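Novice: This one is upload-v2.cif, mmCIF, C-alpha atoms.
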data_input
#
loop_
_atom_site.label_atom_id
_atom_site.label_comp_id
_atom_site.auth_asym_id
_atom_site.auth_seq_id
_atom_site.Cartn_x
_atom_site.Cartn_y
_atom_site.Cartn_z
CA MET D 3 64.68 23.26 -27.87
CA GLN D 4 65.54 24.05 -24.29
CA GLY D 5 69.22 23.71 -23.61
CA GLU D 6 70.20 24.11 -27.25
CA ASP D 7 72.55 26.91 -28.22
CA PRO D 8 71.78 27.93 -31.79
CA PHE D 9 74.98 29.97 -31.93
CA ASP D 10 77.12 26.95 -31.08
CA GLN D 11 79.62 26.32 -33.85
CA GLY D 12 78.48 22.73 -34.39
CA ALA D 13 76.50 21.39 -37.30
CA GLY D 14 73.27 22.90 -36.05
CA SER D 15 74.67 26.40 -35.58
CA ILE D 16 72.79 29.35 -36.99
CA LEU D 17 76.07 30.24 -38.70
CA ARG D 18 76.54 26.84 -40.32
CA GLN D 19 73.68 26.45 -42.75
CA PRO D 20 73.51 25.44 -46.42
CA LYS D 21 73.44 28.10 -49.11
CA ALA D 22 69.76 27.30 -49.74
CA VAL D 23 68.91 28.35 -46.18
CA TRP D 24 70.88 31.59 -46.45
CA ALA D 25 69.30 32.37 -49.84
CA THR D 26 65.78 31.89 -48.46
CA ALA D 27 66.56 33.81 -45.26
CA GLY D 28 68.05 36.69 -47.25
CA ALA D 29 64.97 36.90 -49.45
CA SER D 30 62.85 36.78 -46.27
CA VAL D 31 64.62 39.90 -44.95
CA VAL D 32 63.63 41.78 -48.11
CA ALA D 33 60.08 40.38 -48.01
CA PHE D 34 59.57 41.69 -44.48
CA MET D 35 61.23 44.97 -45.44
CA GLY D 36 58.38 45.47 -47.89
CA ILE D 37 55.86 45.79 -45.03
CA GLY D 38 57.42 48.87 -43.44
CA LEU D 39 59.16 50.20 -46.53
CA VAL D 40 56.52 52.82 -47.28
CA ASP D 41 56.24 54.07 -43.69
CA PRO D 42 58.70 56.99 -43.84
CA ILE D 43 57.66 58.01 -47.36
CA LEU D 44 53.87 58.06 -46.84
CA PRO D 45 53.80 61.89 -46.61
CA SER D 46 56.07 62.10 -49.68
CA ILE D 47 53.79 59.77 -51.64
CA ALA D 48 50.76 61.85 -50.61
CA LYS D 49 52.50 65.01 -51.80
CA GLY D 50 53.86 63.48 -55.00
CA LEU D 51 50.53 61.97 -56.07
CA GLU D 52 48.39 64.80 -54.62
CA ALA D 53 46.55 62.36 -52.37
CA THR D 54 45.04 62.58 -48.91
CA PRO D 55 46.36 60.53 -45.95
CA SER D 56 43.31 58.24 -46.09
CA GLN D 57 43.94 57.60 -49.79
CA VAL D 58 47.61 56.84 -49.27
CA SER D 59 46.80 54.56 -46.35
CA LEU D 60 45.06 52.31 -48.85
CA LEU D 61 48.58 51.14 -49.75
CA PHE D 62 48.44 49.10 -46.54
CA THR D 63 44.75 48.21 -46.89
CA SER D 64 45.05 46.69 -50.36
CA TYR D 65 48.28 44.92 -49.41
CA PHE D 66 46.88 43.25 -46.29
CA LEU D 67 43.41 42.59 -47.65
CA ILE D 68 44.94 40.51 -50.41
CA THR D 69 47.33 38.94 -47.90
CA ALA D 70 44.39 37.87 -45.72
CA VAL D 71 42.53 36.22 -48.58
CA ALA D 72 45.75 34.67 -49.89
CA MET D 73 46.14 32.82 -46.58
CA LEU D 74 43.43 30.46 -47.83
CA VAL D 75 45.32 29.88 -51.06
CA THR D 76 48.98 29.50 -50.08
CA GLY D 77 48.64 26.05 -48.49
CA PHE D 78 46.49 24.90 -51.39
CA VAL D 79 49.17 26.01 -53.85
CA SER D 80 52.31 24.85 -52.01
CA SER D 81 50.87 21.39 -51.28
CA ARG D 82 50.40 20.92 -55.01
CA ILE D 83 53.38 22.55 -56.71
CA GLY D 84 55.93 22.33 -53.87
CA GLY D 85 57.66 24.88 -51.64
CA ARG D 86 60.38 25.91 -54.10
CA LYS D 87 57.97 26.77 -56.91
CA THR D 88 55.68 28.59 -54.47
CA LEU D 89 58.60 30.70 -53.25
CA LEU D 90 59.65 31.54 -56.78
CA ALA D 91 56.11 32.40 -57.82
CA GLY D 92 55.79 34.75 -54.85
CA LEU D 93 59.14 36.38 -55.56
CA ALA D 94 58.29 36.87 -59.22
CA LEU D 95 55.03 38.60 -58.33
CA VAL D 96 56.80 40.89 -55.85
CA VAL D 97 59.46 41.84 -58.42
CA VAL D 98 56.83 42.70 -61.04
CA PHE D 99 54.44 44.62 -58.78
CA ALA D 100 57.12 46.42 -56.77
CA ALA D 101 58.62 47.69 -60.02
CA LEU D 102 55.19 48.70 -61.31
CA SER D 103 54.53 50.53 -58.02
CA GLY D 104 57.49 52.76 -58.76
CA THR D 105 55.98 53.75 -62.11
CA SER D 106 52.57 54.73 -60.71
CA SER D 107 51.08 57.99 -61.92
CA SER D 108 48.15 57.99 -59.50
CA VAL D 109 47.38 56.74 -56.02
CA GLY D 110 44.80 54.36 -57.53
CA GLU D 111 47.46 52.67 -59.64
CA LEU D 112 49.82 52.42 -56.67
CA VAL D 113 47.12 50.87 -54.47
CA GLY D 114 46.38 48.30 -57.16
CA PHE D 115 50.02 47.38 -57.62
CA ARG D 116 50.45 47.03 -53.84
CA ALA D 117 47.61 44.49 -53.89
CA GLY D 118 49.54 42.37 -56.39
CA TRP D 119 52.63 42.80 -54.22
CA GLY D 120 50.64 41.54 -51.23
CA LEU D 121 49.70 38.34 -53.07
CA GLY D 122 53.33 37.67 -53.96
CA ASN D 123 54.50 38.38 -50.44
CA ALA D 124 51.85 36.07 -48.96
CA LEU D 125 52.94 33.20 -51.20
CA PHE D 126 56.57 33.74 -50.29
CA VAL D 127 56.39 34.42 -46.56
CA SER D 128 53.84 31.70 -45.80
CA THR D 129 56.19 29.12 -47.31
CA ALA D 130 59.62 30.45 -46.33
CA LEU D 131 59.87 29.09 -42.78
CA ALA D 132 58.84 25.56 -43.74
CA VAL D 133 61.44 25.64 -46.54
CA ILE D 134 64.17 26.97 -44.23
CA VAL D 135 63.47 24.27 -41.64
CA GLY D 136 63.34 21.57 -44.32
CA ALA D 137 66.67 22.64 -45.82
CA ALA D 138 68.47 23.41 -42.54
CA ALA D 139 71.35 21.36 -41.22
CA GLY D 140 71.45 19.95 -37.69
CA GLY D 141 67.89 20.46 -36.48
CA SER D 142 65.30 23.18 -36.47
CA SER D 143 66.36 25.39 -33.55
CA ALA D 144 68.98 27.40 -35.39
CA ALA D 145 66.87 27.55 -38.55
CA ILE D 146 63.89 28.97 -36.68
CA LEU D 147 66.04 31.58 -34.95
CA LEU D 148 67.54 32.49 -38.32
CA TYR D 149 64.05 33.00 -39.74
CA GLU D 150 62.89 35.13 -36.82
CA SER D 151 66.11 37.13 -37.03
CA ALA D 152 65.40 37.73 -40.71
CA LEU D 153 61.90 38.87 -39.79
CA GLY D 154 63.18 41.32 -37.18
CA LEU D 155 65.94 42.60 -39.44
CA GLY D 156 63.50 43.13 -42.29
CA MET D 157 60.99 44.96 -40.10
CA ALA D 158 63.76 47.19 -38.75
CA CYS D 159 65.51 47.87 -42.05
CA GLY D 160 62.39 48.42 -44.18
CA PRO D 161 61.72 51.95 -42.87
CA LEU D 162 65.43 52.78 -42.97
CA VAL D 163 65.83 51.68 -46.59
CA GLY D 164 62.60 53.46 -47.47
CA ALA D 165 63.97 56.65 -45.93
CA LEU D 166 67.39 56.46 -47.57
CA LEU D 167 66.05 55.81 -51.06
CA GLY D 168 62.89 57.85 -50.59
CA ASP D 169 64.75 61.02 -49.68
CA ALA D 170 65.57 61.44 -53.36
CA SER D 171 62.23 60.21 -54.70
CA TRP D 172 59.35 58.21 -53.27
CA ARG D 173 59.63 55.94 -56.32
CA TYR D 174 63.14 54.66 -55.59
CA PRO D 175 62.26 52.37 -52.62
CA PHE D 176 59.91 50.42 -54.87
CA PHE D 177 62.54 49.97 -57.58
CA GLY D 178 65.10 49.02 -54.91
CA THR D 179 62.82 46.33 -53.50
CA ALA D 180 62.21 44.91 -56.97
CA ALA D 181 65.96 44.70 -57.59
CA LEU D 182 66.68 43.01 -54.24
CA MET D 183 63.87 40.48 -54.71
CA ALA D 184 65.15 39.73 -58.21
CA ILE D 185 68.51 38.85 -56.65
CA GLY D 186 66.66 36.64 -54.16
CA PHE D 187 64.88 34.92 -57.04
CA VAL D 188 68.19 34.12 -58.72
CA CYS D 189 69.75 32.84 -55.47
CA ILE D 190 66.83 30.55 -54.65
CA THR D 191 66.77 29.26 -58.23
CA ALA D 192 70.46 28.44 -57.97
CA PHE D 193 70.75 27.04 -54.44
CA LEU D 194 67.39 25.64 -53.31
CA LYS D 195 66.32 22.16 -54.34
CA GLU D 196 62.67 21.16 -54.29
CA GLN D 197 61.35 20.11 -50.89
CA PRO D 198 59.23 16.98 -50.33
CA ARG D 199 55.55 17.71 -50.75
CA PRO D 200 53.13 17.00 -47.88
CA ALA D 201 51.44 13.62 -47.89
CA ARG D 202 48.00 15.27 -47.84
CA LYS D 203 46.99 18.15 -50.08
CA THR D 204 45.44 21.17 -48.37
CA SER D 205 41.99 22.29 -49.52
CA LEU D 206 40.84 25.89 -49.72
CA LEU D 207 38.34 25.33 -46.91
CA ASP D 208 40.69 23.62 -44.43
CA PRO D 209 41.76 26.90 -42.72
CA ILE D 210 38.12 27.98 -42.34
CA LYS D 211 37.18 24.59 -40.87
CA ALA D 212 40.09 24.87 -38.42
CA LEU D 213 38.52 28.06 -37.02
CA GLY D 214 35.64 25.92 -35.77
CA HIS D 215 37.89 25.05 -32.82
CA GLY D 216 37.00 27.38 -29.93
CA GLY D 217 40.57 27.92 -28.80
CA LEU D 218 41.88 28.83 -32.24
CA ALA D 219 38.88 31.08 -32.91
CA SER D 220 39.56 32.86 -29.59
CA VAL D 221 43.22 33.46 -30.41
CA ALA D 222 42.31 34.72 -33.89
CA THR D 223 39.64 37.06 -32.51
CA SER D 224 42.01 38.51 -29.91
CA ALA D 225 44.72 38.90 -32.55
CA PHE D 226 42.23 40.68 -34.81
CA PHE D 227 41.72 43.41 -32.20
CA TYR D 228 45.45 43.57 -31.49
CA ASN D 229 46.36 43.91 -35.15
CA TYR D 230 44.09 46.94 -35.45
CA SER D 231 46.18 48.61 -32.74
CA PHE D 232 49.44 47.46 -34.30
CA PHE D 233 48.68 48.82 -37.76
CA THR D 234 47.30 52.09 -36.46
CA ILE D 235 50.83 52.69 -35.21
CA LEU D 236 52.51 51.46 -38.37
CA ALA D 237 50.33 53.22 -40.95
CA PHE D 238 48.91 56.29 -39.20
CA THR D 239 51.73 57.49 -36.93
CA PRO D 240 53.98 58.71 -39.81
CA PHE D 241 51.37 61.36 -40.62
CA VAL D 242 51.16 62.40 -36.97
CA LEU D 243 54.96 62.64 -36.59
CA ASN D 244 55.17 64.55 -39.90
CA MET D 245 58.96 64.20 -40.12
CA THR D 246 61.40 64.04 -43.01
CA PRO D 247 61.91 60.55 -44.50
CA TYR D 248 65.32 60.30 -42.77
CA LYS D 249 63.97 61.13 -39.32
CA SER D 250 60.86 59.00 -39.72
CA GLY D 251 62.99 56.11 -40.98
CA ALA D 252 65.24 56.40 -37.93
CA VAL D 253 62.24 56.29 -35.59
CA PHE D 254 60.82 53.17 -37.18
CA PHE D 255 64.26 51.57 -37.41
CA ALA D 256 64.54 51.88 -33.62
CA TRP D 257 60.95 50.58 -33.37
CA GLY D 258 61.87 47.56 -35.49
CA LEU D 259 64.97 46.81 -33.43
CA LEU D 260 62.90 46.70 -30.24
CA LEU D 261 60.36 44.50 -32.01
CA ALA D 262 63.08 42.04 -33.01
CA VAL D 263 64.79 41.95 -29.61
CA PHE D 264 61.58 41.48 -27.61
CA SER D 265 60.21 38.91 -30.05
CA VAL D 266 63.31 36.72 -30.23
CA LEU D 267 65.00 37.23 -26.85
CA VAL D 268 62.66 38.74 -24.25
CA ALA D 269 59.26 37.13 -24.89
CA PRO D 270 60.42 33.49 -24.48
CA ARG D 271 62.06 34.31 -21.13
CA LEU D 272 59.00 36.12 -19.83
CA GLN D 273 56.77 33.25 -20.97
CA GLU D 274 58.92 30.78 -19.11
CA ARG D 275 58.70 32.81 -15.91
CA PHE D 276 55.12 34.12 -15.93
CA GLY D 277 53.22 32.05 -18.52
CA SER D 278 52.01 32.95 -21.98
CA LEU D 279 48.58 34.32 -21.08
CA LYS D 280 49.86 36.65 -18.35
CA VAL D 281 52.59 37.97 -20.65
CA LEU D 282 50.10 38.50 -23.48
CA GLY D 283 47.46 40.19 -21.31
CA ALA D 284 49.95 42.52 -19.64
CA SER D 285 51.60 43.40 -22.94
CA LEU D 286 48.25 44.28 -24.55
CA VAL D 287 47.27 46.52 -21.64
CA LEU D 288 50.65 48.25 -21.69
CA LEU D 289 50.29 48.75 -25.44
CA ALA D 290 46.93 50.41 -24.81
CA VAL D 291 48.51 52.78 -22.29
CA ASP D 292 51.34 53.53 -24.70
CA LEU D 293 48.81 54.37 -27.43
CA LEU D 294 46.93 56.80 -25.21
CA VAL D 295 50.13 58.58 -24.21
CA LEU D 296 51.21 58.66 -27.86
CA GLY D 297 47.91 60.20 -28.91
CA TYR D 298 47.81 62.91 -26.26
CA GLY D 299 51.51 63.64 -25.73
CA ASP D 300 53.67 66.26 -27.42
CA HIS D 301 55.82 65.53 -30.46
CA THR D 302 58.80 64.17 -28.51
CA THR D 303 56.50 61.96 -26.42
CA ALA D 304 54.89 60.63 -29.59
CA ILE D 305 58.31 59.66 -30.97
CA VAL D 306 59.29 57.86 -27.75
CA CYS D 307 55.96 56.03 -27.51
CA THR D 308 56.16 54.95 -31.15
CA ILE D 309 59.57 53.39 -30.53
CA VAL D 310 58.53 51.79 -27.22
CA SER D 311 55.48 50.20 -28.86
CA GLY D 312 57.89 47.95 -30.77
CA ALA D 313 58.67 46.11 -27.52
CA PHE D 314 55.01 45.26 -26.84
CA ILE D 315 54.38 44.36 -30.48
CA GLY D 316 57.37 42.01 -30.52
CA MET D 317 56.16 40.17 -27.42
CA ASN D 318 52.60 39.95 -28.69
CA ASN D 319 53.64 38.58 -32.05
CA THR D 320 55.62 35.75 -30.49
CA VAL D 321 52.95 34.70 -27.98
CA TYR D 322 50.06 34.93 -30.44
CA THR D 323 51.89 32.79 -33.00
CA GLU D 324 52.71 30.06 -30.49
CA LEU D 325 49.17 29.98 -29.11
CA ALA D 326 47.63 29.87 -32.59
CA LEU D 327 49.83 26.99 -33.68
CA GLY D 328 49.35 24.84 -30.61
CA VAL D 329 45.85 25.46 -29.30
CA SER D 330 43.99 23.20 -31.73
CA ASP D 331 44.53 19.74 -33.16
CA ALA D 332 44.59 21.07 -36.75
CA PRO D 333 47.85 20.68 -38.68
CA ARG D 334 49.97 23.69 -37.83
CA PRO D 335 50.15 25.16 -41.35
CA VAL D 336 46.35 24.91 -41.60
CA ALA D 337 45.79 26.43 -38.14
CA SER D 338 48.22 29.23 -38.99
CA ALA D 339 46.45 29.96 -42.28
CA GLY D 340 43.07 30.25 -40.52
CA TYR D 341 44.53 32.44 -37.78
CA ASN D 342 46.28 34.74 -40.24
CA PHE D 343 43.18 34.91 -42.43
CA VAL D 344 41.25 36.50 -39.55
CA ARG D 345 43.89 38.80 -38.13
CA TRP D 346 45.09 40.36 -41.39
CA PHE D 347 41.63 41.81 -42.01
CA ALA D 348 42.29 44.15 -39.09
CA ALA D 349 45.64 45.07 -40.65
CA ALA D 350 43.71 46.02 -43.77
CA ALA D 351 41.06 48.00 -41.85
CA ALA D 352 43.22 50.08 -39.48
CA PRO D 353 45.27 52.03 -42.08
CA TYR D 354 42.06 53.14 -43.80
CA LEU D 355 39.92 53.81 -40.73
CA ALA D 356 42.48 55.70 -38.63
CA PRO D 357 42.77 58.71 -41.01
CA LYS D 358 39.00 58.64 -41.55
CA ILE D 359 38.40 58.74 -37.79
CA GLU D 360 40.73 61.75 -37.58
CA GLU D 361 38.73 63.48 -40.33
CA TRP D 362 35.49 62.79 -38.43
CA SER D 363 36.85 63.82 -35.03
CA ASP D 364 40.40 64.93 -34.18
CA ILE D 365 44.00 63.68 -34.11
CA HIS D 366 43.65 62.01 -30.69
CA ILE D 367 40.67 59.73 -31.31
CA PRO D 368 42.34 57.21 -33.69
CA PHE D 369 44.75 56.37 -30.88
CA VAL D 370 41.91 56.10 -28.37
CA VAL D 371 40.18 53.61 -30.67
CA ALA D 372 43.45 51.67 -31.09
CA ALA D 373 43.89 51.59 -27.30
CA VAL D 374 40.35 50.25 -26.89
CA THR D 375 41.00 47.47 -29.43
CA ALA D 376 44.19 46.48 -27.59
CA VAL D 377 42.20 46.19 -24.36
CA ALA D 378 39.53 44.24 -26.25
CA GLY D 379 42.20 41.76 -27.28
CA ALA D 380 43.20 41.35 -23.64
CA VAL D 381 39.56 40.92 -22.59
CA VAL D 382 39.07 38.12 -25.12
CA VAL D 383 42.14 36.35 -23.73
CA TRP D 384 40.83 36.73 -20.17
CA ILE D 385 37.28 35.57 -20.96
CA ARG D 386 38.51 32.60 -22.99
CA ARG D 387 41.41 31.73 -20.68
CA ALA D 388 39.88 28.34 -19.87
CA ALA D 389 40.12 27.35 -23.54
CA LEU D 390 43.68 28.68 -23.75
CA THR D 391 45.17 27.89 -20.33
CA HIS D 392 46.03 24.24 -20.95
CA GLU D 393 47.82 25.00 -24.18
CA ALA D 394 49.56 28.03 -22.71
CA GLU D 395 50.90 25.86 -19.90
CA GLU D 396 51.98 23.12 -22.28
CA LEU D 397 53.82 25.48 -24.62
CA GLU D 398 57.53 24.88 -24.37
CA PRO D 399 59.27 28.26 -24.17
CA ARG D 400 60.77 28.65 -27.62
CA HIS D 401 61.29 31.14 -30.38
CA ALA D 402 58.66 29.66 -32.69
CA THR D 403 57.57 26.33 -34.14
CA GLU D 404 58.64 24.52 -37.25
CA ASP D 405 55.41 25.01 -39.12
CA SER D 406 54.76 28.63 -38.21
CA VAL D 407 53.46 30.86 -40.93
CA ALA D 408 54.56 33.99 -39.15
CA VAL D 409 53.63 36.64 -41.67
CA PHE D 410 54.73 39.40 -39.49
CA ALA D 411 54.71 38.63 -37.32
CA ASP D 412 55.18 36.60 -36.49
#
Show me, as structure tokens, the structure contained in the file I just sent.

Specialist:
Amino acid sequence: MQGEDPFDQGAGSILRQPKAVWATAGASVVAFMGIGLVDPILPSIAKGLEATPSQVSLLFTSYFLITAVAMLVTGFVSSRIGGRKTLLAGLALVVVFAALSGTSSSVGELVGFRAGWGLGNALFVSTALAVIVGAAAGGSSAAILLYESALGLGMACGPLVGALLGDASWRYPFFGTAALMAIGFVCITAFLKEQPRPARKTSLLDPIKALGHGGLASVATSAFFYNYSFFTILAFTPFVLNMTPYKSGAVFFAWGLLLAVFSVLVAPRLQERFGSLKVLGASLVLLAVDLLVLGYGDHTTAIVCTIVSGAFIGMNNTVYTELALGVSDAPRPVASAGYNFVRWFAAAAAPYLAPKIEEWSDIHIPFVVAAVTAVAGAVVVWIRRAALTHEAEELEPRHATEDSVAVFAD
């Protein structure tokens, strides 16, 4: 991929892709929007449903717990029914459960519907990149950049859309997501043809077996600690900032923009200059420092640190994904499924534990814990550097790989 210009106006340009690619990429934007959509309206949901912060945070926990388990299922399903049908099944589930989320009369109902949403999103996102690359014209470089751009745009716009619609009612963002995903369903039905199925069907245990490789297990373990830090910021910080949906949405929109820029543009350049492991270790340590300052600073400092954390998160997402997909000899979709299976459990744990830790101690300690887990991720990378160094050196600086299952991340 080095030397290629994905914005070149030739056949492989990011701007010259079939309608099927644009339909899938557009639906991907909305799918990634769903992750941060509830961020600016968490306080509004808590007020509307008379729930505590720890109860409302279960919206993330149920979503990512199901996503983690679904990582073992998505390859099994797509290798049997094909990428197009898997995408459509995921979209259909998101449409149904996003709409049901908007009708919830209790936090318990909403948590349950978010779990169904998480299953649909896992089926869709885990298949989308492979479909985009398979349907793209003129090589994979532009298609991969288009996918990562969709990821960054979705992560940035999710909080903004949530704020704009949620200012009137916390229910509207859920109905809006259902409507947008329904449009995506229609577009993919109309424009995307079925992709060739893999020669070998994936079993449910293949991702677990892949984790038997020491290098992949090390990356997954480090990413587990990192994801706890990441989702403490995403799910707990809105309660700490305690801002209106508009202001909170603006903060996380800026956060998402930094995430996208550092993931797509900055991380590959730093990797090329310093190496993947040095970039990852330094970024994790800086994230830990940022978390401590966020936790102990005043309100303005907390806003700035929340936004700045997007830069470190963007770099980490890119490096972790590349390491996970290249460190073992397992097929990349299988390695990615095993890696995501481990790390998403931390994404499920952090939103629930952070408010609980505050209840048990004070407002500062959840950020101290998140800083410690970020450092723990760096320590794992340092201790296991021998298992990761060869692959880190061999990694060609790039935006991602063809078979990445970058579920946010990635």

Novice: Give me the range 309-382 of chain D side of the contact with range 274-287 of chain D, cut-off 6 Å, one line per residue showing its nearest atom pair and distance in Å at one decimal, counting all atoms listed in the file, sorted by chain and residue number, as JSON lines.

Specialist:
{"residue": "D:Phe314", "atom": "CA", "partner": "D:Ser285", "partner_atom": "CA", "distance": 5.5}
{"residue": "D:Asn318", "atom": "CA", "partner": "D:Leu282", "partner_atom": "CA", "distance": 6.0}
{"residue": "D:Ala376", "atom": "CA", "partner": "D:Leu286", "partner_atom": "CA", "distance": 5.5}
{"residue": "D:Val377", "atom": "CA", "partner": "D:Val287", "partner_atom": "CA", "distance": 5.8}
{"residue": "D:Ala380", "atom": "CA", "partner": "D:Gly283", "partner_atom": "CA", "distance": 5.0}

Novice: Residues picked by the PyMOL selection byres ((chain D and resi 66-73) around 10) here, as a PDB file with C-alpha atoms, keeping the file's coordinate frame?

Specialist:
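After the write, result-v1.pdb holds the following:
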ATOM      1  CA  ILE D  37      55.860  45.790 -45.030  1.00  0.00           C
ATOM      2  CA  LEU D  60      45.060  52.310 -48.850  1.00  0.00           C
ATOM      3  CA  LEU D  61      48.580  51.140 -49.750  1.00  0.00           C
ATOM      4  CA  PHE D  62      48.440  49.100 -46.540  1.00  0.00           C
ATOM      5  CA  THR D  63      44.750  48.210 -46.890  1.00  0.00           C
ATOM      6  CA  SER D  64      45.050  46.690 -50.360  1.00  0.00           C
ATOM      7  CA  TYR D  65      48.280  44.920 -49.410  1.00  0.00           C
ATOM      8  CA  LEU D  74      43.430  30.460 -47.830  1.00  0.00           C
ATOM      9  CA  VAL D  75      45.320  29.880 -51.060  1.00  0.00           C
ATOM     10  CA  THR D  76      48.980  29.500 -50.080  1.00  0.00           C
ATOM     11  CA  GLY D  77      48.640  26.050 -48.490  1.00  0.00           C
ATOM     12  CA  PHE D  78      46.490  24.900 -51.390  1.00  0.00           C
ATOM     13  CA  ARG D 116      50.450  47.030 -53.840  1.00  0.00           C
ATOM     14  CA  ALA D 117      47.610  44.490 -53.890  1.00  0.00           C
ATOM     15  CA  GLY D 118      49.540  42.370 -56.390  1.00  0.00           C
ATOM     16  CA  TRP D 119      52.630  42.800 -54.220  1.00  0.00           C
ATOM     17  CA  GLY D 120      50.640  41.540 -51.230  1.00  0.00           C
ATOM     18  CA  LEU D 121      49.700  38.340 -53.070  1.00  0.00           C
ATOM     19  CA  GLY D 122      53.330  37.670 -53.960  1.00  0.00           C
ATOM     20  CA  ASN D 123      54.500  38.380 -50.440  1.00  0.00           C
ATOM     21  CA  ALA D 124      51.850  36.070 -48.960  1.00  0.00           C
ATOM     22  CA  LEU D 125      52.940  33.200 -51.200  1.00  0.00           C
ATOM     23  CA  SER D 128      53.840  31.700 -45.800  1.00  0.00           C
ATOM     24  CA  LEU D 206      40.840  25.890 -49.720  1.00  0.00           C
ATOM     25  CA  PRO D 209      41.760  26.900 -42.720  1.00  0.00           C
ATOM     26  CA  VAL D 336      46.350  24.910 -41.600  1.00  0.00           C
ATOM     27  CA  SER D 338      48.220  29.230 -38.990  1.00  0.00           C
ATOM     28  CA  ALA D 339      46.450  29.960 -42.280  1.00  0.00           C
ATOM     29  CA  GLY D 340      43.070  30.250 -40.520  1.00  0.00           C
ATOM     30  CA  TYR D 341      44.530  32.440 -37.780  1.00  0.00           C
ATOM     31  CA  ASN D 342      46.280  34.740 -40.240  1.00  0.00           C
ATOM     32  CA  PHE D 343      43.180  34.910 -42.430  1.00  0.00           C
ATOM     33  CA  VAL D 344      41.250  36.500 -39.550  1.00  0.00           C
ATOM     34  CA  ARG D 345      43.890  38.800 -38.130  1.00  0.00           C
ATOM     35  CA  TRP D 346      45.090  40.360 -41.390  1.00  0.00           C
ATOM     36  CA  PHE D 347      41.630  41.810 -42.010  1.00  0.00           C
ATOM     37  CA  ALA D 348      42.290  44.150 -39.090  1.00  0.00           C
ATOM     38  CA  ALA D 349      45.640  45.070 -40.650  1.00  0.00           C
ATOM     39  CA  ALA D 350      43.710  46.020 -43.770  1.00  0.00           C
ATOM     40  CA  ALA D 351      41.060  48.000 -41.850  1.00  0.00           C
ATOM     41  CA  PRO D 353      45.270  52.030 -42.080  1.00  0.00           C
ATOM     42  CA  VAL D 407      53.460  30.860 -40.930  1.00  0.00           C
ATOM     43  CA  VAL D 409      53.630  36.640 -41.670  1.00  0.00           C
TER      44      VAL D 409
END

Novice: Assuming the chain letters and numbering stay as they are in my file, what does the PyMOL selection byres ((chain D and resi 58) around 12) actually select? List them as a ChimeraX atom specification.

Specialist: /D:40-41,43-57,59-65,108-114,116,237-238,240-241,353-358

Novice: Could those residues be written to a file, using C-alpha atoms, as a short mmCIF file (atom, residue, chain, number, x, y, z; two decimals), in the frame of the given file?

Specialist:
data_model
loop_
_atom_site.label_atom_id
_atom_site.label_comp_id
_atom_site.auth_asym_id
_atom_site.auth_seq_id
_atom_site.Cartn_x
_atom_site.Cartn_y
_atom_site.Cartn_z
CA VAL D 40 56.52 52.82 -47.28
CA ASP D 41 56.24 54.07 -43.69
CA ILE D 43 57.66 58.01 -47.36
CA LEU D 44 53.87 58.06 -46.84
CA PRO D 45 53.80 61.89 -46.61
CA SER D 46 56.07 62.10 -49.68
CA ILE D 47 53.79 59.77 -51.64
CA ALA D 48 50.76 61.85 -50.61
CA LYS D 49 52.50 65.01 -51.80
CA GLY D 50 53.86 63.48 -55.00
CA LEU D 51 50.53 61.97 -56.07
CA GLU D 52 48.39 64.80 -54.62
CA ALA D 53 46.55 62.36 -52.37
CA THR D 54 45.04 62.58 -48.91
CA PRO D 55 46.36 60.53 -45.95
CA SER D 56 43.31 58.24 -46.09
CA GLN D 57 43.94 57.60 -49.79
CA SER D 59 46.80 54.56 -46.35
CA LEU D 60 45.06 52.31 -48.85
CA LEU D 61 48.58 51.14 -49.75
CA PHE D 62 48.44 49.10 -46.54
CA THR D 63 44.75 48.21 -46.89
CA SER D 64 45.05 46.69 -50.36
CA TYR D 65 48.28 44.92 -49.41
CA SER D 108 48.15 57.99 -59.50
CA VAL D 109 47.38 56.74 -56.02
CA GLY D 110 44.80 54.36 -57.53
CA GLU D 111 47.46 52.67 -59.64
CA LEU D 112 49.82 52.42 -56.67
CA VAL D 113 47.12 50.87 -54.47
CA GLY D 114 46.38 48.30 -57.16
CA ARG D 116 50.45 47.03 -53.84
CA ALA D 237 50.33 53.22 -40.95
CA PHE D 238 48.91 56.29 -39.20
CA PRO D 240 53.98 58.71 -39.81
CA PHE D 241 51.37 61.36 -40.62
CA PRO D 353 45.27 52.03 -42.08
CA TYR D 354 42.06 53.14 -43.80
CA LEU D 355 39.92 53.81 -40.73
CA ALA D 356 42.48 55.70 -38.63
CA PRO D 357 42.77 58.71 -41.01
CA LYS D 358 39.00 58.64 -41.55
#

Novice: Need to verify the contact set: Glu196 in chain D, 12 Å, all atoms listed in the file, exclusion of same-chain residues closer than 5 positions in sequence. Can you return it as a list in words?

Specialist: Ala22, Ser80, Ile83, Gly84, Gly85, Arg86, Lys87, Thr88, Leu89, Leu90, Val133, Ile134, Gly136, Ala137, Ile190 and Thr191 of chain D

Novice: Could those selected residues go to a file with C-alpha atoms, as a short mmCIF file (atom, residue, chain, number, x, y, z; two decimals), in the coordinates of the input?

Specialist:
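Saved the output as selection_20.cif:
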data_model
loop_
_atom_site.label_atom_id
_atom_site.label_comp_id
_atom_site.auth_asym_id
_atom_site.auth_seq_id
_atom_site.Cartn_x
_atom_site.Cartn_y
_atom_site.Cartn_z
CA ALA D 22 69.76 27.30 -49.74
CA SER D 80 52.31 24.85 -52.01
CA ILE D 83 53.38 22.55 -56.71
CA GLY D 84 55.93 22.33 -53.87
CA GLY D 85 57.66 24.88 -51.64
CA ARG D 86 60.38 25.91 -54.10
CA LYS D 87 57.97 26.77 -56.91
CA THR D 88 55.68 28.59 -54.47
CA LEU D 89 58.60 30.70 -53.25
CA LEU D 90 59.65 31.54 -56.78
CA VAL D 133 61.44 25.64 -46.54
CA ILE D 134 64.17 26.97 -44.23
CA GLY D 136 63.34 21.57 -44.32
CA ALA D 137 66.67 22.64 -45.82
CA ILE D 190 66.83 30.55 -54.65
CA THR D 191 66.77 29.26 -58.23
#
